[in-house]
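Please read the structure below before turning to the comments.
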Amino acid sequence: MTKLSLLGISGALRAESTNRLLVREAARRFGEAEFTEADIRFPLFDQDIEDDPGIPEEVMSLAHQIAASDAVIVSTPEYNKGISGALKNALDWISRTGVAPWKDKPVALMSAAAGRAGGERSQNMTRLCLAPFQPRIINGPELMVAQTSNQWDENGRLTNEMNAKALDDLMALLRKEAEWMRARAA
C-alpha cells in the first residue's frame, strides 16, 4: 500500500509564520505520508481574470493537489477577528475551477494567533467558508494555539503539552479518516 498523501495549507503568507510552523508540526505528528505544503500566493479573485486569460495556473495546480491528496491540514491566523484575505481568496479561486476538490476530503482545521483565544473566530470562519464545498472536517479536538509566538522551540516544535496532545489526537483522527476514505474508494 502506498503512503498517504497529505497537503498542508497555511492561511498566512509570511515565511516564518507560526501557522506555517503549525502545518509542518501537524504533518510531522500525522506520521508517515507524502507531505506537500501548498502555496496560496494568488492574484486577487477577479471575474475579468477568470474570463480572460482564465483561471491562473497556480490556482488549478492547488485544486488538483487538494483533489489528489488523501487529507488536508488548514491552519489559519486571525486577522482582525477573521480569516486571512489570502486564505479566503484561495478558497474563492478554487471554487471556480470546476474540480470540486474538497468534496468528501478529510480536513483538519487549526489556528495559531497572538491573542488569548488562539484564532477561534478565524477557525470558525474557515469552517463556514469550507462548508459549501462539503469536506469531511474533523470536528475535534479543536486546536487553537494562543499567544503563538511563545509556543515554539528553536526547532519549530510545539512546546505547550496541552496543544501538543490535542494536535496528536487531531492528526490521529485525520489519519484514521483518510485511511477509511481510501479503503472505501478501493
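Starting from 1 in every chain, residues are counted up; chains themselves are A, B, ... following the order of the C-alpha cells, and ligands are numbered from 1 as listed.
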Skipping near chain neighbours, those fewer than 4 positions away, what residues fall within 12 Å of Pro77 (chain A) using only C-alpha atoms, listed as a PDB file with C-alpha atoms, in the first residue's frame?
```pdb
ATOM      1  CA  ILE A   9      -2.291  24.938   3.690  1.00  0.00           C
ATOM      2  CA  SER A  10      -1.217  27.882   5.829  1.00  0.00           C
ATOM      3  CA  GLY A  11      -3.515  30.882   5.690  1.00  0.00           C
ATOM      4  CA  ALA A  12      -0.530  33.118   6.431  1.00  0.00           C
ATOM      5  CA  LEU A  13       1.882  34.040   3.666  1.00  0.00           C
ATOM      6  CA  ARG A  14       4.835  35.037   5.871  1.00  0.00           C
ATOM      7  CA  SER A  17       4.501  32.395  10.259  1.00  0.00           C
ATOM      8  CA  THR A  18       3.577  30.257  13.242  1.00  0.00           C
ATOM      9  CA  ASN A  19       0.682  28.913  11.153  1.00  0.00           C
ATOM     10  CA  ARG A  20       3.271  27.583   8.721  1.00  0.00           C
ATOM     11  CA  LEU A  21       5.089  26.059  11.729  1.00  0.00           C
ATOM     12  CA  LEU A  22       1.797  24.550  12.893  1.00  0.00           C
ATOM     13  CA  VAL A  23       1.140  22.969   9.480  1.00  0.00           C
ATOM     14  CA  LYS A  81     -11.200  38.763  14.180  1.00  0.00           C
ATOM     15  CA  GLY A  82     -11.464  36.849  10.906  1.00  0.00           C
ATOM     16  CA  ILE A  83      -9.882  34.678   8.258  1.00  0.00           C
ATOM     17  CA  SER A  84      -6.870  35.975   6.342  1.00  0.00           C
ATOM     18  CA  GLY A  85      -7.576  37.567   2.988  1.00  0.00           C
ATOM     19  CA  ALA A  86      -5.076  35.192   1.367  1.00  0.00           C
ATOM     20  CA  LEU A  87      -6.921  32.085   2.581  1.00  0.00           C
ATOM     21  CA  LYS A  88     -10.358  33.441   1.655  1.00  0.00           C
ATOM     22  CA  LEU A 109      -8.626  22.793  10.867  1.00  0.00           C
ATOM     23  CA  MET A 110      -6.350  24.551  13.328  1.00  0.00           C
ATOM     24  CA  SER A 111      -5.224  28.053  14.116  1.00  0.00           C
ATOM     25  CA  ALA A 112      -2.401  29.978  15.709  1.00  0.00           C
ATOM     26  CA  ALA A 113      -2.774  33.600  16.745  1.00  0.00           C
ATOM     27  CA  ALA A 114      -1.203  36.169  19.016  1.00  0.00           C
ATOM     28  CA  GLY A 115      -4.353  36.644  21.097  1.00  0.00           C
ATOM     29  CA  ALA A 117      -8.245  32.770  22.045  1.00  0.00           C
ATOM     30  CA  GLY A 118      -5.718  31.360  19.561  1.00  0.00           C
ATOM     31  CA  GLY A 119      -7.691  32.185  16.437  1.00  0.00           C
ATOM     32  CA  GLU A 120     -11.050  30.789  17.500  1.00  0.00           C
ATOM     33  CA  ARG A 121     -13.024  33.232  15.353  1.00  0.00           C
ATOM     34  CA  SER A 122     -10.908  32.697  12.269  1.00  0.00           C
ATOM     35  CA  GLN A 123     -11.123  28.937  12.666  1.00  0.00           C
ATOM     36  CA  ASN A 124     -14.911  29.134  12.895  1.00  0.00           C
ATOM     37  CA  MET A 125     -14.990  31.418   9.858  1.00  0.00           C
ATOM     38  CA  THR A 126     -12.801  28.971   7.915  1.00  0.00           C
ATOM     39  CA  MET A 144      -6.146  26.933  18.788  1.00  0.00           C
ATOM     40  CA  VAL A 145      -2.598  27.925  19.675  1.00  0.00           C
ATOM     41  CA  ALA A 146      -2.889  31.153  21.677  1.00  0.00           C
ATOM     42  CA  GLN A 147      -0.030  33.599  22.252  1.00  0.00           C
ATOM     43  CA  THR A 148       1.616  31.709  19.462  1.00  0.00           C
TER      44      THR A 148
END
```
Legend entry - DSSP-assigned alpha helix (DSSP H) members of chain A, reported as a PyMOL selection string: chain A and resi 18-30+47-51+57-68+85-95+120-130+161-185
Inset, instruction - Please identify all polymer residues within 10 Å of region 32-42 of chain A, counting only C-alpha atoms, omitting same-chain residues fewer than 4 positions from it, and present them as a PyMOL selection string. - result: chain A and resi 2-13+20+23-24+27-28+56-59+61-62+65-66+69-74+86-91+93+175
Inset, instruction - Select from chain A everything DSSP, run on the backbone, classes as strand (DSSP E or B), then give the selection as a ChimeraX atom specification. - result: /A:5-10,34-37,71-76,79,82,106-112,136-137,144-145,152,158
Output C-alpha atoms for every residue in the selection just made, as a PDB file, in the first residue's frame.
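Below is the file out-v9.pdb, written as the result:
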```
ATOM      1  CA  SER A   5      -0.668  11.934   0.702  1.00  0.00           C
ATOM      2  CA  LEU A   6      -1.066  14.947   2.966  1.00  0.00           C
ATOM      3  CA  LEU A   7      -1.448  18.567   1.868  1.00  0.00           C
ATOM      4  CA  GLY A   8      -0.841  21.472   4.234  1.00  0.00           C
ATOM      5  CA  ILE A   9      -2.291  24.938   3.690  1.00  0.00           C
ATOM      6  CA  SER A  10      -1.217  27.882   5.829  1.00  0.00           C
ATOM      7  CA  GLU A  34       3.922  12.187   1.284  1.00  0.00           C
ATOM      8  CA  PHE A  35       3.627  15.787   2.503  1.00  0.00           C
ATOM      9  CA  THR A  36       3.217  18.840   0.287  1.00  0.00           C
ATOM     10  CA  GLU A  37       2.971  22.402   1.510  1.00  0.00           C
ATOM     11  CA  ALA A  71      -6.131  14.538   3.628  1.00  0.00           C
ATOM     12  CA  VAL A  72      -5.654  18.289   4.068  1.00  0.00           C
ATOM     13  CA  ILE A  73      -4.469  20.356   7.017  1.00  0.00           C
ATOM     14  CA  VAL A  74      -5.586  24.004   7.072  1.00  0.00           C
ATOM     15  CA  SER A  75      -4.073  26.378   9.619  1.00  0.00           C
ATOM     16  CA  THR A  76      -5.390  29.898   9.799  1.00  0.00           C
ATOM     17  CA  TYR A  79      -6.543  38.913  11.232  1.00  0.00           C
ATOM     18  CA  GLY A  82     -11.464  36.849  10.906  1.00  0.00           C
ATOM     19  CA  PRO A 106     -10.791  14.723   5.184  1.00  0.00           C
ATOM     20  CA  VAL A 107      -9.733  18.118   6.544  1.00  0.00           C
ATOM     21  CA  ALA A 108      -8.250  19.140   9.893  1.00  0.00           C
ATOM     22  CA  LEU A 109      -8.626  22.793  10.867  1.00  0.00           C
ATOM     23  CA  MET A 110      -6.350  24.551  13.328  1.00  0.00           C
ATOM     24  CA  SER A 111      -5.224  28.053  14.116  1.00  0.00           C
ATOM     25  CA  ALA A 112      -2.401  29.978  15.709  1.00  0.00           C
ATOM     26  CA  ARG A 136     -15.203  15.874   5.885  1.00  0.00           C
ATOM     27  CA  ILE A 137     -13.988  18.296   8.554  1.00  0.00           C
ATOM     28  CA  MET A 144      -6.146  26.933  18.788  1.00  0.00           C
ATOM     29  CA  VAL A 145      -2.598  27.925  19.675  1.00  0.00           C
ATOM     30  CA  TRP A 152       7.651  27.002  19.805  1.00  0.00           C
ATOM     31  CA  LEU A 158       5.210  22.921  19.686  1.00  0.00           C
TER      32      LEU A 158
END
```
Legend entry - Selection: 10 Å around Val99 (chain A), only C-alpha atoms, excl. self and same-chain fewer than 4 positions, as an NGL selection string: :A and (60 or 63-64 or 66-67 or 94-95 or 103)
Legend entry - Residues within 8 Å of Gln134 (chain A), only C-alpha atoms, excluding chain neighbours under 2 positions, as number ranges by chain: A: 102-105, 130-132, 136
Using C-alpha atoms, can you export the residues from the last selection as a JSON list (two decimals), in the first residue's frame?
```json
[["chain", "number", "residue", "atom", "x", "y", "z"],
["A", 102, "TRP", "CA", -12.95, 19.49, -1.31],
["A", 103, "LYS", "CA", -15.92, 17.11, -1.71],
["A", 104, "ASP", "CA", -15.59, 14.37, 0.96],
["A", 105, "LYS", "CA", -11.94, 15.32, 1.59],
["A", 130, "LEU", "CA", -15.45, 25.45, 3.62],
["A", 131, "ALA", "CA", -18.99, 24.20, 4.39],
["A", 132, "PRO", "CA", -20.42, 24.74, 0.86],
["A", 136, "ARG", "CA", -15.20, 15.87, 5.89]]
```
Legend entry - Shell around Thr159 (chain A) at 12 Å using only C-alpha atoms, local window under 3 positions removed, as a ChimeraX atom specification: /A:22,25,145,148-156,162-165,167
How would the residues just picked look written out with N, CA and C atoms as a CSV table (one decimal), in the first residue's frame?
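What ended up in selection.csv:
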```
chain,number,residue,atom,x,y,z
A,22,LEU,N,2.8,25.5,12.4
A,22,LEU,CA,1.8,24.6,12.9
A,22,LEU,C,1.5,23.5,11.8
A,25,GLU,N,4.3,21.0,11.9
A,25,GLU,CA,4.3,20.2,13.1
A,25,GLU,C,3.2,19.2,13.0
A,145,VAL,N,-3.8,27.6,19.0
A,145,VAL,CA,-2.6,27.9,19.7
A,145,VAL,C,-2.6,29.4,20.0
A,148,THR,N,0.9,32.7,20.3
A,148,THR,CA,1.6,31.7,19.5
A,148,THR,C,3.1,32.0,19.4
A,149,SER,N,3.5,33.2,19.6
A,149,SER,CA,5.0,33.5,19.5
A,149,SER,C,5.8,32.8,20.6
A,150,ASN,N,5.1,32.4,21.7
A,150,ASN,CA,5.7,31.8,22.8
A,150,ASN,C,5.6,30.3,22.9
A,151,GLN,N,5.1,29.7,21.8
A,151,GLN,CA,4.7,28.3,21.9
A,151,GLN,C,5.6,27.3,21.1
A,152,TRP,N,6.8,27.8,20.7
A,152,TRP,CA,7.7,27.0,19.8
A,152,TRP,C,9.1,27.0,20.3
A,153,ASP,N,9.7,25.8,20.1
A,153,ASP,CA,11.2,25.8,20.5
A,153,ASP,C,12.0,26.2,19.2
A,154,GLU,N,13.3,26.1,19.4
A,154,GLU,CA,14.2,26.6,18.3
A,154,GLU,C,14.1,25.7,17.1
A,155,ASN,N,13.6,24.5,17.2
A,155,ASN,CA,13.5,23.6,16.1
A,155,ASN,C,12.1,23.6,15.5
A,156,GLY,N,11.2,24.6,15.9
A,156,GLY,CA,9.9,24.7,15.3
A,156,GLY,C,8.9,23.6,15.8
A,162,MET,N,-0.5,20.7,26.4
A,162,MET,CA,-2.0,20.6,26.1
A,162,MET,C,-2.2,20.7,24.6
A,163,ASN,N,-1.6,21.7,23.9
A,163,ASN,CA,-1.7,21.8,22.5
A,163,ASN,C,-1.1,20.6,21.7
A,164,ALA,N,0.0,20.2,22.2
A,164,ALA,CA,0.7,19.0,21.6
A,164,ALA,C,-0.2,17.8,21.6
A,165,LYS,N,-0.8,17.6,22.8
A,165,LYS,CA,-1.7,16.4,22.9
A,165,LYS,C,-2.9,16.5,22.0
A,167,LEU,N,-3.0,18.2,19.2
A,167,LEU,CA,-2.6,18.0,17.9
A,167,LEU,C,-2.4,16.6,17.5
```
Inset, instruction - Using only C-alpha atoms, determine which residues lie at most 12 Å from Gly54 (chain A), disregarding the query and same-chain residues fewer than 5 positions distant; provide the list as a PyMOL selection string. - result: chain A and resi 43+45-49+59-60+93+96-97
Residue selection dump (N, CA and C atoms) as a PDB file, in the first residue's frame:
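selection.pdb, written as the output of this step:
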```
ATOM      1  N   PRO A  43      -3.275  35.879  -7.417  1.00  0.00           N
ATOM      2  CA  PRO A  43      -3.828  37.222  -7.623  1.00  0.00           C
ATOM      3  C   PRO A  43      -5.207  37.283  -6.958  1.00  0.00           C
ATOM      4  N   PHE A  45      -9.022  37.389  -6.510  1.00  0.00           N
ATOM      5  CA  PHE A  45     -10.059  36.864  -7.393  1.00  0.00           C
ATOM      6  C   PHE A  45     -10.707  38.023  -8.141  1.00  0.00           C
ATOM      7  N   ASP A  46     -10.875  37.829  -9.437  1.00  0.00           N
ATOM      8  CA  ASP A  46     -11.446  38.843 -10.306  1.00  0.00           C
ATOM      9  C   ASP A  46     -12.099  38.114 -11.484  1.00  0.00           C
ATOM     10  N   GLN A  47     -13.383  38.321 -11.642  1.00  0.00           N
ATOM     11  CA  GLN A  47     -14.116  37.676 -12.724  1.00  0.00           C
ATOM     12  C   GLN A  47     -13.499  37.983 -14.087  1.00  0.00           C
ATOM     13  N   ASP A  48     -12.947  39.189 -14.238  1.00  0.00           N
ATOM     14  CA  ASP A  48     -12.323  39.541 -15.514  1.00  0.00           C
ATOM     15  C   ASP A  48     -11.105  38.659 -15.789  1.00  0.00           C
ATOM     16  N   ILE A  49     -10.316  38.355 -14.751  1.00  0.00           N
ATOM     17  CA  ILE A  49      -9.165  37.453 -14.927  1.00  0.00           C
ATOM     18  C   ILE A  49      -9.661  36.058 -15.278  1.00  0.00           C
ATOM     19  N   VAL A  59      -3.627  28.355  -9.366  1.00  0.00           N
ATOM     20  CA  VAL A  59      -4.913  28.009  -8.743  1.00  0.00           C
ATOM     21  C   VAL A  59      -5.313  26.595  -9.155  1.00  0.00           C
ATOM     22  N   MET A  60      -5.211  26.310 -10.451  1.00  0.00           N
ATOM     23  CA  MET A  60      -5.547  24.963 -10.931  1.00  0.00           C
ATOM     24  C   MET A  60      -4.638  23.921 -10.296  1.00  0.00           C
ATOM     25  N   TRP A  93     -11.000  31.301  -5.327  1.00  0.00           N
ATOM     26  CA  TRP A  93     -10.457  30.878  -6.619  1.00  0.00           C
ATOM     27  C   TRP A  93     -10.699  29.386  -6.852  1.00  0.00           C
ATOM     28  N   ARG A  96     -13.908  28.152  -8.242  1.00  0.00           N
ATOM     29  CA  ARG A  96     -14.202  28.472  -9.635  1.00  0.00           C
ATOM     30  C   ARG A  96     -13.587  27.493 -10.631  1.00  0.00           C
ATOM     31  N   THR A  97     -12.803  26.540 -10.153  1.00  0.00           N
ATOM     32  CA  THR A  97     -12.032  25.671 -11.054  1.00  0.00           C
ATOM     33  C   THR A  97     -12.845  24.581 -11.733  1.00  0.00           C
TER      34      THR A  97
END
```
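CA of Gly140 (chain A) sits 27.4 Å away from CA of Ala15 (chain A).
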Legend entry - For Lys176 (chain A), the nearest of the candidates A:Ala68, A:Ile138, A:Ala100, A:Leu128, counting only C-alpha atoms: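 Closest residue, counting only C-alpha atoms: A:Ile138.
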